[in-house]
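To be precise, the following lines are target12.pdb, and they hold PDB, C-alpha atoms, pLDDT in the B column.
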```
MODEL        1
ATOM      1  CA  MET A   1     238.820 199.972 105.149  1.00 51.00           C
ATOM      2  CA  PHE A   2     242.329 201.235 104.450  1.00 51.00           C
ATOM      3  CA  SER A   3     244.427 200.668 101.412  1.00 52.00           C
ATOM      4  CA  LYS A   4     247.860 201.037  99.977  1.00 52.00           C
ATOM      5  CA  SER A   5     248.075 199.776  96.454  1.00 47.00           C
ATOM      6  CA  GLU A   6     251.145 198.956  94.444  1.00 48.00           C
ATOM      7  CA  THR A   7     250.768 199.561  90.741  1.00 47.00           C
ATOM      8  CA  GLY A   8     253.952 197.756  89.820  1.00 45.00           C
ATOM      9  CA  THR A   9     255.077 200.616  87.607  1.00 44.00           C
ATOM     10  CA  ALA A  10     257.595 203.294  88.385  1.00 44.00           C
ATOM     11  CA  PRO A  11     257.395 206.910  87.238  1.00 47.00           C
ATOM     12  CA  LEU A  12     259.744 208.045  84.461  1.00 48.00           C
ATOM     13  CA  GLY A  13     262.421 209.076  86.980  1.00 47.00           C
ATOM     14  CA  GLY A  14     262.789 205.442  88.065  1.00 45.00           C
ATOM     15  CA  ALA A  15     261.806 205.962  91.703  1.00 48.00           C
ATOM     16  CA  ALA A  16     258.803 204.035  93.005  1.00 55.00           C
ATOM     17  CA  GLU A  17     255.759 206.244  93.589  1.00 63.00           C
ATOM     18  CA  ILE A  18     254.362 206.089  97.123  1.00 74.00           C
ATOM     19  CA  GLN A  19     250.580 205.703  97.091  1.00 83.00           C
ATOM     20  CA  PRO A  20     248.542 207.457  99.812  1.00 89.00           C
ATOM     21  CA  THR A  21     247.310 205.442 102.766  1.00 91.00           C
ATOM     22  CA  ARG A  22     243.570 205.943 103.337  1.00 94.00           C
ATOM     23  CA  LEU A  23     241.883 205.160 106.631  1.00 94.00           C
ATOM     24  CA  ALA A  24     238.156 204.683 105.956  1.00 95.00           C
ATOM     25  CA  GLN A  25     235.239 206.139 107.945  1.00 95.00           C
ATOM     26  CA  ASP A  26     234.450 202.840 109.671  1.00 95.00           C
ATOM     27  CA  LEU A  27     238.021 202.396 110.933  1.00 95.00           C
ATOM     28  CA  LYS A  28     239.171 203.299 114.452  1.00 96.00           C
ATOM     29  CA  ILE A  29     242.850 202.983 115.292  1.00 95.00           C
ATOM     30  CA  THR A  30     244.207 203.193 118.815  1.00 97.00           C
ATOM     31  CA  GLY A  31     247.967 203.537 118.534  1.00 96.00           C
ATOM     32  CA  ASN A  32     250.602 205.432 116.628  1.00 96.00           C
ATOM     33  CA  LEU A  33     251.014 205.670 112.839  1.00 95.00           C
ATOM     34  CA  LYS A  34     254.160 206.388 110.867  1.00 95.00           C
ATOM     35  CA  ALA A  35     254.306 206.816 107.081  1.00 94.00           C
ATOM     36  CA  ALA A  36     256.765 208.437 104.703  1.00 93.00           C
ATOM     37  CA  GLY A  37     254.027 209.477 102.278  1.00 94.00           C
ATOM     38  CA  THR A  38     250.478 210.763 102.537  1.00 96.00           C
ATOM     39  CA  VAL A  39     247.989 209.560 105.142  1.00 96.00           C
ATOM     40  CA  GLU A  40     244.309 210.412 104.661  1.00 97.00           C
ATOM     41  CA  VAL A  41     242.131 209.920 107.752  1.00 97.00           C
ATOM     42  CA  GLN A  42     238.377 209.549 107.242  1.00 97.00           C
ATOM     43  CA  GLY A  43     237.929 207.445 110.384  1.00 97.00           C
ATOM     44  CA  THR A  44     239.281 207.928 113.919  1.00 97.00           C
ATOM     45  CA  VAL A  45     242.860 207.799 115.181  1.00 97.00           C
ATOM     46  CA  GLU A  46     243.540 207.835 118.920  1.00 98.00           C
ATOM     47  CA  GLY A  47     247.318 208.236 118.928  1.00 97.00           C
ATOM     48  CA  ASP A  48     250.212 210.020 117.304  1.00 98.00           C
ATOM     49  CA  ILE A  49     250.732 210.371 113.545  1.00 97.00           C
ATOM     50  CA  ASP A  50     254.080 210.981 111.840  1.00 97.00           C
ATOM     51  CA  ALA A  51     253.722 211.388 108.067  1.00 97.00           C
ATOM     52  CA  GLY A  52     254.996 213.282 105.066  1.00 96.00           C
ATOM     53  CA  LYS A  53     251.518 214.713 104.498  1.00 97.00           C
ATOM     54  CA  LEU A  54     248.388 214.302 106.617  1.00 98.00           C
ATOM     55  CA  ILE A  55     244.858 214.954 105.404  1.00 98.00           C
ATOM     56  CA  ILE A  56     242.115 214.765 108.016  1.00 98.00           C
ATOM     57  CA  GLY A  57     238.942 214.381 105.960  1.00 97.00           C
ATOM     58  CA  ALA A  58     235.586 215.944 106.799  1.00 97.00           C
ATOM     59  CA  GLU A  59     234.528 212.807 108.732  1.00 97.00           C
ATOM     60  CA  GLY A  60     238.016 212.218 110.177  1.00 97.00           C
ATOM     61  CA  ARG A  61     239.041 212.615 113.802  1.00 98.00           C
ATOM     62  CA  VAL A  62     242.533 212.643 115.291  1.00 98.00           C
ATOM     63  CA  ASN A  63     243.286 212.768 119.006  1.00 98.00           C
ATOM     64  CA  GLY A  64     247.036 212.926 119.589  1.00 97.00           C
ATOM     65  CA  LYS A  65     250.253 214.486 118.369  1.00 98.00           C
ATOM     66  CA  VAL A  66     250.705 215.111 114.658  1.00 98.00           C
ATOM     67  CA  ARG A  67     254.029 215.627 112.947  1.00 98.00           C
ATOM     68  CA  ALA A  68     254.112 216.150 109.173  1.00 97.00           C
ATOM     69  CA  GLU A  69     255.456 218.458 106.501  1.00 97.00           C
ATOM     70  CA  ILE A  70     251.930 219.329 105.339  1.00 97.00           C
ATOM     71  CA  VAL A  71     248.705 219.074 107.367  1.00 98.00           C
ATOM     72  CA  ASP A  72     245.281 219.728 105.826  1.00 98.00           C
ATOM     73  CA  VAL A  73     242.337 219.577 108.251  1.00 98.00           C
ATOM     74  CA  LEU A  74     238.709 219.309 107.159  1.00 98.00           C
ATOM     75  CA  GLY A  75     237.537 217.277 110.187  1.00 98.00           C
ATOM     76  CA  LYS A  76     238.385 217.264 113.895  1.00 98.00           C
ATOM     77  CA  VAL A  77     241.757 217.329 115.604  1.00 98.00           C
ATOM     78  CA  ASP A  78     242.601 217.507 119.309  1.00 98.00           C
ATOM     79  CA  GLY A  79     246.209 217.578 120.467  1.00 97.00           C
ATOM     80  CA  ALA A  80     249.423 219.026 119.098  1.00 98.00           C
ATOM     81  CA  ILE A  81     250.557 219.675 115.533  1.00 98.00           C
ATOM     82  CA  SER A  82     254.107 220.286 114.360  1.00 97.00           C
ATOM     83  CA  CYS A  83     254.337 221.010 110.646  1.00 97.00           C
ATOM     84  CA  ARG A  84     255.730 223.178 107.917  1.00 97.00           C
ATOM     85  CA  ASN A  85     252.376 224.043 106.261  1.00 97.00           C
ATOM     86  CA  LEU A  86     249.008 223.905 108.052  1.00 98.00           C
ATOM     87  CA  THR A  87     245.626 224.502 106.435  1.00 98.00           C
ATOM     88  CA  LEU A  88     242.447 224.542 108.524  1.00 98.00           C
ATOM     89  CA  ARG A  89     239.479 224.314 106.166  1.00 98.00           C
ATOM     90  CA  SER A  90     236.065 225.891 106.836  1.00 98.00           C
ATOM     91  CA  SER A  91     234.710 222.562 108.176  1.00 98.00           C
ATOM     92  CA  ALA A  92     237.655 222.042 110.577  1.00 98.00           C
ATOM     93  CA  ARG A  93     237.243 221.794 114.353  1.00 98.00           C
ATOM     94  CA  ALA A  94     240.621 222.097 116.040  1.00 97.00           C
ATOM     95  CA  ARG A  95     241.659 222.173 119.710  1.00 98.00           C
ATOM     96  CA  VAL A  96     245.415 222.258 119.317  1.00 96.00           C
ATOM     97  CA  GLN A  97     248.851 223.531 120.158  1.00 97.00           C
ATOM     98  CA  VAL A  98     250.590 224.217 116.863  1.00 97.00           C
ATOM     99  CA  SER A  99     254.129 224.886 115.692  1.00 96.00           C
ATOM    100  CA  TYR A 100     254.102 225.873 112.004  1.00 96.00           C
ATOM    101  CA  GLU A 101     255.950 227.820 109.311  1.00 96.00           C
ATOM    102  CA  SER A 102     252.944 228.620 107.100  1.00 96.00           C
ATOM    103  CA  LEU A 103     249.337 228.831 108.315  1.00 96.00           C
ATOM    104  CA  SER A 104     246.016 229.211 106.493  1.00 97.00           C
ATOM    105  CA  ILE A 105     242.637 229.290 108.263  1.00 97.00           C
ATOM    106  CA  GLU A 106     239.481 229.414 106.171  1.00 97.00           C
ATOM    107  CA  SER A 107     236.461 231.401 107.299  1.00 97.00           C
ATOM    108  CA  GLY A 108     234.130 229.167 109.305  1.00 97.00           C
ATOM    109  CA  ALA A 109     236.831 226.991 110.873  1.00 97.00           C
ATOM    110  CA  ASP A 110     236.267 226.380 114.611  1.00 97.00           C
ATOM    111  CA  VAL A 111     239.723 226.863 116.126  1.00 97.00           C
ATOM    112  CA  GLU A 112     240.980 227.061 119.688  1.00 97.00           C
ATOM    113  CA  GLY A 113     244.557 226.738 120.852  1.00 95.00           C
ATOM    114  CA  LYS A 114     248.060 228.068 120.957  1.00 96.00           C
ATOM    115  CA  PHE A 115     249.859 228.838 117.698  1.00 95.00           C
ATOM    116  CA  LYS A 116     253.598 229.425 117.417  1.00 95.00           C
ATOM    117  CA  GLN A 117     255.301 230.267 114.148  1.00 93.00           C
ATOM    118  CA  ALA A 118     258.587 228.423 113.745  1.00 88.00           C
ATOM    119  CA  LYS A 119     261.413 230.046 111.823  1.00 79.00           C
ATOM    120  CA  SER A 120     262.083 228.716 108.308  1.00 69.00           C
ATOM    121  CA  GLY A 121     265.340 227.134 107.499  1.00 60.00           C
TER     122      GLY A 121
ENDMDL
END
```
Take the structure I supplied and represent it as structure tokens, if you would.
Amino acid sequence: MFSKSETGTAPLGGAAEIQPTRLAQDLKITGNLKAAGTVEVQGTVEGDIDAGKLIIGAEGRVNGKVRAEIVDVLGKVDGAISCRNLTLRSSARARVQVSYESLSIESGADVEGKFKQAKSG
């Protein structure tokens, strides 16, 4: 369903490595999520997500507000996105209001919304 595994080993720098949190296709969450690391959504989230990096997989759906440094969308998103880097892949379907610093939209993406570029720094 979803997983976060601890390997018990630290990288050479000594800091513990944060493993990505994966939300499987058969999982539906109603509520808000907060994670310091990467969240990969293959299922459905009805609520807000605050993460270091968010990946909405091809089968993933998010309805709510998203706040992350990096957002990569292959599936569906409805709501608002605030991020530093946003990539909408060719399979993405997005109905959003976005605040971003860097934006990439692949050919074939189905996009509708309001986009505002935030100033870096």
Report task. Could you tell me which residues the PyMOL selection byres ((chain A and resi 97) around 8) grabs in this file, written as a ChimeraX atom specification? Result -> /A:79-81,95-96,98-99,113-115
Query raised in the report: Just so the selection is clear, what residues does the PyMOL selection byres ((chain A and resi 28) around 7) cover here, as a ChimeraX atom specification?
Result: /A:26-27,29-30,43-45
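Here the question is which of A:Asp78, A:Glu106, A:Glu40, A:Asp72 gets nearest to A:Ala24 using only C-alpha atoms, and that residue is A:Glu40.
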Query - Hits of the PyMOL selection byres ((chain A and resi 69) around 6) in this structure, as a list in words - result: Gly52, Lys53, Ala68, Ile70, Cys83 and Arg84 of chain A
Requested in this report: Quick one: pull the distance between atom CA of A:Gln25 and atom CA of A:Arg93, Å, one decimal.
Outcome: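 Those two atoms sit 17.0 Å apart.
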Report summary line: atom CA of A:Lys119 sits from atom CA of A:Leu74 at a separation of 25.5 Å
Requested in this report: Calculate how many Å separate atom CA of A:Val62 from atom CA of A:Ser90, rounding to one decimal.
Outcome: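 Straight-line distance from atom CA of A:Val62 to atom CA of A:Ser90 works out to 17.0 Å.
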Query raised in the report: Which residue, A:Ile105, A:Ala35, A:Ile55, A:Leu23, has the smallest gap to A:Val77 when you use all atoms listed in the file?
Result: A:Ile55
Could the centre and edge lengths of an axis-aligned box, enclosing all atoms of stretch 76-80 of chain A in the file with 8 Å extra on each side, be given in Å to one decimal as JSON?
```
{"center_x": 243.9, "center_y": 218.1, "center_z": 117.2, "size_x": 27.0, "size_y": 17.8, "size_z": 22.6}
```
Query - Residue list as a list of chain:residue names for point (246.0, 228.4, 105.2), cut-off 10 Å, all atoms listed in the file - result: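 The residues near that point, listed by chain and number, are A:Val71, A:Asp72, A:Asn85, A:Leu86, A:Thr87, A:Leu88, A:Arg89, A:Ser102, A:Leu103, A:Ser104, A:Ile105, A:Glu106.
Minimum atom-to-atom distance to A:Ala109, evaluated using all atoms listed in the file, belongs to A:Ala58 out of A:Ala36, A:Ile18, A:Val66, A:Ala58.
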So which residues touch A:Gly31 within 10 Å, counting only C-alpha atoms, skipping near sequence neighbours fewer than 6 positions away, as a compact mmCIF listing (two decimals) with C-alpha atoms, in the coordinates of the input?
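Final file, result_22.txt:
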```
# COMPACT_ATOMS: atom_id res chain seq x y z
CA VAL A 45 242.86 207.80 115.18
CA GLU A 46 243.54 207.84 118.92
CA GLY A 47 247.32 208.24 118.93
CA ASP A 48 250.21 210.02 117.30
CA ILE A 49 250.73 210.37 113.54
CA GLY A 64 247.04 212.93 119.59
```
